[in-house]
Amino acid sequence: MNKAFTKESDRDDDEEEGALPAFPPGTRNYMTPEGYTRMRAEFMTLLDEERPKIVEIVSWAAKNGDRSENGDYLYGKKRLREIDRRLRFLTKRLDIAEVADPSIHFGKDQVFFGATVTYSNAKGAERTITIKGIDEANSLAGEVSWIAPIARVLLKSREGDELQLMTPGGLEQIEVLEVRYPAPKPPVP
């Protein structure tokens, strides 16, 4: 069928430009409490604030007559589809989220989910990363997903361990220098 005659909604609604990766089979959606809170806040903002505003604009624009040349109506409908797609995505991810608080490992030297790890390679170059959930990892902030190759190698290792990391350039020797976790938050009275 010619693409010119397909409706935009014919494609899978959950396909987003820049969508986060799917989970490998048998894995869990681990998240830090902060990541879960951020994702939940985004969901609530879209649902309670942004979507009602756009619905109001679309409703107003629909009353103005010819919808085929009505920019407010066309843009509003497009934005509603984007918001609804994001809401479905967030709902699915929040439903399967398993919140894991890394502060329970505070003071330990073994690498688990949520650890901030400093390691060095054979050339002596040091790098610090924090192991986060798939949906919350931000590589620009030095965060990697717990399913990333470097995280998989580091998990369950300890300070002083020497590990082998497979990189595109070949096998690389790394050493775990330091493992840190956030301090536990004091209980709320």
# chains A, B, ... in the order shown; residues from 1 in each chain; ligands from 1
$ residues_around --residues "Ala148 of chain A" --least-positions-apart "5" --cutoff "12 Å" --atoms "only C-alpha atoms" --output "PDB file with N, CA, C and O atoms, in the first residue's frame"
ATOM      1  N   PRO A  21      14.904   1.954  25.287  1.00  0.00           N
ATOM      2  CA  PRO A  21      15.016   0.579  24.802  1.00  0.00           C
ATOM      3  C   PRO A  21      14.052  -0.378  25.487  1.00  0.00           C
ATOM      4  O   PRO A  21      13.650  -0.167  26.626  1.00  0.00           O
ATOM      5  N   PHE A  23      13.085  -3.980  27.184  1.00  0.00           N
ATOM      6  CA  PHE A  23      13.812  -4.802  28.135  1.00  0.00           C
ATOM      7  C   PHE A  23      14.217  -6.121  27.498  1.00  0.00           C
ATOM      8  O   PHE A  23      13.420  -6.743  26.804  1.00  0.00           O
ATOM      9  N   PRO A  24      15.436  -6.564  27.785  1.00  0.00           N
ATOM     10  CA  PRO A  24      15.801  -7.911  27.339  1.00  0.00           C
ATOM     11  C   PRO A  24      14.906  -8.919  28.050  1.00  0.00           C
ATOM     12  O   PRO A  24      14.453  -8.674  29.168  1.00  0.00           O
ATOM     13  N   PHE A 113      23.075  -2.449  42.223  1.00  0.00           N
ATOM     14  CA  PHE A 113      22.283  -1.423  41.555  1.00  0.00           C
ATOM     15  C   PHE A 113      22.329  -0.130  42.363  1.00  0.00           C
ATOM     16  O   PHE A 113      22.173  -0.137  43.577  1.00  0.00           O
ATOM     17  N   ILE A 129      31.060   6.277  37.142  1.00  0.00           N
ATOM     18  CA  ILE A 129      29.703   6.092  36.622  1.00  0.00           C
ATOM     19  C   ILE A 129      28.770   5.718  37.771  1.00  0.00           C
ATOM     20  O   ILE A 129      29.213   5.215  38.800  1.00  0.00           O
ATOM     21  N   THR A 130      27.487   5.978  37.572  1.00  0.00           N
ATOM     22  CA  THR A 130      26.456   5.544  38.515  1.00  0.00           C
ATOM     23  C   THR A 130      25.540   4.591  37.772  1.00  0.00           C
ATOM     24  O   THR A 130      25.105   4.885  36.661  1.00  0.00           O
ATOM     25  N   ILE A 131      25.270   3.449  38.370  1.00  0.00           N
ATOM     26  CA  ILE A 131      24.431   2.430  37.742  1.00  0.00           C
ATOM     27  C   ILE A 131      22.976   2.708  38.114  1.00  0.00           C
ATOM     28  O   ILE A 131      22.610   2.683  39.292  1.00  0.00           O
ATOM     29  N   LYS A 132      22.156   3.000  37.095  1.00  0.00           N
ATOM     30  CA  LYS A 132      20.755   3.377  37.294  1.00  0.00           C
ATOM     31  C   LYS A 132      19.842   2.467  36.483  1.00  0.00           C
ATOM     32  O   LYS A 132      20.297   1.587  35.773  1.00  0.00           O
ATOM     33  N   GLY A 133      18.554   2.754  36.538  1.00  0.00           N
ATOM     34  CA  GLY A 133      17.559   2.009  35.781  1.00  0.00           C
ATOM     35  C   GLY A 133      17.580   2.392  34.310  1.00  0.00           C
ATOM     36  O   GLY A 133      18.081   3.447  33.932  1.00  0.00           O
ATOM     37  N   ILE A 134      16.994   1.536  33.487  1.00  0.00           N
ATOM     38  CA  ILE A 134      16.961   1.751  32.044  1.00  0.00           C
ATOM     39  C   ILE A 134      16.291   3.076  31.698  1.00  0.00           C
ATOM     40  O   ILE A 134      16.753   3.813  30.837  1.00  0.00           O
ATOM     41  N   ALA A 137      18.658   6.375  33.303  1.00  0.00           N
ATOM     42  CA  ALA A 137      20.082   6.587  33.046  1.00  0.00           C
ATOM     43  C   ALA A 137      20.288   7.743  32.075  1.00  0.00           C
ATOM     44  O   ALA A 137      19.616   7.853  31.062  1.00  0.00           O
ATOM     45  N   SER A 139      23.499   9.344  30.177  1.00  0.00           N
ATOM     46  CA  SER A 139      24.927   9.179  29.917  1.00  0.00           C
ATOM     47  C   SER A 139      25.694  10.493  30.042  1.00  0.00           C
ATOM     48  O   SER A 139      26.869  10.490  30.395  1.00  0.00           O
ATOM     49  N   GLU A 143      25.726   8.489  34.097  1.00  0.00           N
ATOM     50  CA  GLU A 143      24.868   7.401  34.553  1.00  0.00           C
ATOM     51  C   GLU A 143      24.723   6.377  33.434  1.00  0.00           C
ATOM     52  O   GLU A 143      24.595   6.747  32.269  1.00  0.00           O
ATOM     53  N   VAL A 153      29.548  -5.905  33.794  1.00  0.00           N
ATOM     54  CA  VAL A 153      30.876  -6.349  34.226  1.00  0.00           C
ATOM     55  C   VAL A 153      31.122  -5.943  35.673  1.00  0.00           C
ATOM     56  O   VAL A 153      31.663  -6.708  36.463  1.00  0.00           O
ATOM     57  N   LEU A 154      30.707  -4.722  36.033  1.00  0.00           N
ATOM     58  CA  LEU A 154      30.979  -4.207  37.376  1.00  0.00           C
ATOM     59  C   LEU A 154      30.099  -4.820  38.467  1.00  0.00           C
ATOM     60  O   LEU A 154      30.546  -4.947  39.612  1.00  0.00           O
ATOM     61  N   LEU A 155      28.856  -5.190  38.137  1.00  0.00           N
ATOM     62  CA  LEU A 155      27.945  -5.700  39.156  1.00  0.00           C
ATOM     63  C   LEU A 155      28.552  -6.887  39.905  1.00  0.00           C
ATOM     64  O   LEU A 155      29.109  -7.805  39.316  1.00  0.00           O
ATOM     65  N   LEU A 165      36.670  -6.084  30.361  1.00  0.00           N
ATOM     66  CA  LEU A 165      35.538  -5.470  29.688  1.00  0.00           C
ATOM     67  C   LEU A 165      35.731  -5.603  28.187  1.00  0.00           C
ATOM     68  O   LEU A 165      36.760  -5.189  27.657  1.00  0.00           O
ATOM     69  N   MET A 166      34.742  -6.183  27.519  1.00  0.00           N
ATOM     70  CA  MET A 166      34.803  -6.297  26.062  1.00  0.00           C
ATOM     71  C   MET A 166      34.330  -4.974  25.467  1.00  0.00           C
ATOM     72  O   MET A 166      33.208  -4.544  25.720  1.00  0.00           O
ATOM     73  N   THR A 167      35.193  -4.311  24.722  1.00  0.00           N
ATOM     74  CA  THR A 167      34.866  -3.045  24.066  1.00  0.00           C
ATOM     75  C   THR A 167      34.982  -3.234  22.558  1.00  0.00           C
ATOM     76  O   THR A 167      35.538  -4.241  22.099  1.00  0.00           O
TER      77      THR A 167
END
$ select_by_dssp --residues "segment 11-167 of chain A" --states "alpha helix (DSSP H)" --output "count of residues only"
56
$ atom_distance --atom1 "atom CA of Glu136 of chain A" --atom2 "atom CA of Asp101 of chain A"
13.9 Å
$ residues_around --residues "Asn29 of chain A" --least-positions-apart "3" --cutoff "9 Å" --atoms "only C-alpha atoms" --output "ChimeraX atom specification"
/A:23,93-94,96-99,133-135
$ closest_residue --among "A:Ala62, A:Ala122, A:Val144, A:Ile54" --to "Glu172 of chain A" --atoms "only C-alpha atoms"
A:Ala122
$ decode --residues "segment 68-115 of chain A" --atoms "C-alpha atoms" --output "PDB file, in the first residue's frame"
ATOM      1  CA  SER A  68      -8.701  21.295   7.656  1.00  0.00           C
ATOM      2  CA  GLU A  69      -7.023  24.718   7.734  1.00  0.00           C
ATOM      3  CA  ASN A  70      -7.247  25.350  11.468  1.00  0.00           C
ATOM      4  CA  GLY A  71      -3.690  25.304  12.848  1.00  0.00           C
ATOM      5  CA  ASP A  72      -4.768  25.296  16.484  1.00  0.00           C
ATOM      6  CA  TYR A  73      -6.971  22.284  15.880  1.00  0.00           C
ATOM      7  CA  LEU A  74      -4.401  20.341  13.822  1.00  0.00           C
ATOM      8  CA  TYR A  75      -1.507  21.066  16.162  1.00  0.00           C
ATOM      9  CA  GLY A  76      -3.663  20.368  19.217  1.00  0.00           C
ATOM     10  CA  LYS A  77      -4.782  16.967  17.898  1.00  0.00           C
ATOM     11  CA  LYS A  78      -1.171  16.079  17.101  1.00  0.00           C
ATOM     12  CA  ARG A  79      -0.032  17.157  20.562  1.00  0.00           C
ATOM     13  CA  LEU A  80      -2.855  15.134  22.166  1.00  0.00           C
ATOM     14  CA  ARG A  81      -1.655  12.012  20.328  1.00  0.00           C
ATOM     15  CA  GLU A  82       1.898  12.666  21.580  1.00  0.00           C
ATOM     16  CA  ILE A  83       0.719  13.148  25.165  1.00  0.00           C
ATOM     17  CA  ASP A  84      -1.479  10.031  25.054  1.00  0.00           C
ATOM     18  CA  ARG A  85       1.389   7.985  23.601  1.00  0.00           C
ATOM     19  CA  ARG A  86       3.724   9.177  26.365  1.00  0.00           C
ATOM     20  CA  LEU A  87       1.082   8.481  29.033  1.00  0.00           C
ATOM     21  CA  ARG A  88       0.676   4.897  27.766  1.00  0.00           C
ATOM     22  CA  PHE A  89       4.442   4.430  27.790  1.00  0.00           C
ATOM     23  CA  LEU A  90       4.811   5.833  31.322  1.00  0.00           C
ATOM     24  CA  THR A  91       1.881   3.732  32.570  1.00  0.00           C
ATOM     25  CA  LYS A  92       3.465   0.540  31.258  1.00  0.00           C
ATOM     26  CA  ARG A  93       6.887   1.380  32.700  1.00  0.00           C
ATOM     27  CA  LEU A  94       5.559   2.488  36.090  1.00  0.00           C
ATOM     28  CA  ASP A  95       3.377  -0.634  36.358  1.00  0.00           C
ATOM     29  CA  ILE A  96       6.376  -2.941  36.015  1.00  0.00           C
ATOM     30  CA  ALA A  97       8.850  -0.768  37.958  1.00  0.00           C
ATOM     31  CA  GLU A  98      10.691  -2.321  40.862  1.00  0.00           C
ATOM     32  CA  VAL A  99      12.011   0.423  43.110  1.00  0.00           C
ATOM     33  CA  ALA A 100      15.378  -0.519  44.588  1.00  0.00           C
ATOM     34  CA  ASP A 101      16.849   1.868  47.139  1.00  0.00           C
ATOM     35  CA  PRO A 102      20.650   1.898  46.729  1.00  0.00           C
ATOM     36  CA  SER A 103      21.146   3.501  50.161  1.00  0.00           C
ATOM     37  CA  ILE A 104      20.600   0.086  51.806  1.00  0.00           C
ATOM     38  CA  HIS A 105      24.124  -0.761  50.619  1.00  0.00           C
ATOM     39  CA  PHE A 106      25.652   2.388  52.145  1.00  0.00           C
ATOM     40  CA  GLY A 107      29.168   1.697  53.410  1.00  0.00           C
ATOM     41  CA  LYS A 108      29.632  -1.518  51.417  1.00  0.00           C
ATOM     42  CA  ASP A 109      32.388  -2.016  48.868  1.00  0.00           C
ATOM     43  CA  GLN A 110      30.539  -4.393  46.546  1.00  0.00           C
ATOM     44  CA  VAL A 111      28.826  -3.090  43.393  1.00  0.00           C
ATOM     45  CA  PHE A 112      25.041  -3.384  43.283  1.00  0.00           C
ATOM     46  CA  PHE A 113      22.283  -1.423  41.555  1.00  0.00           C
ATOM     47  CA  GLY A 114      22.584   2.297  42.350  1.00  0.00           C
ATOM     48  CA  ALA A 115      26.306   2.270  43.090  1.00  0.00           C
TER      49      ALA A 115
END
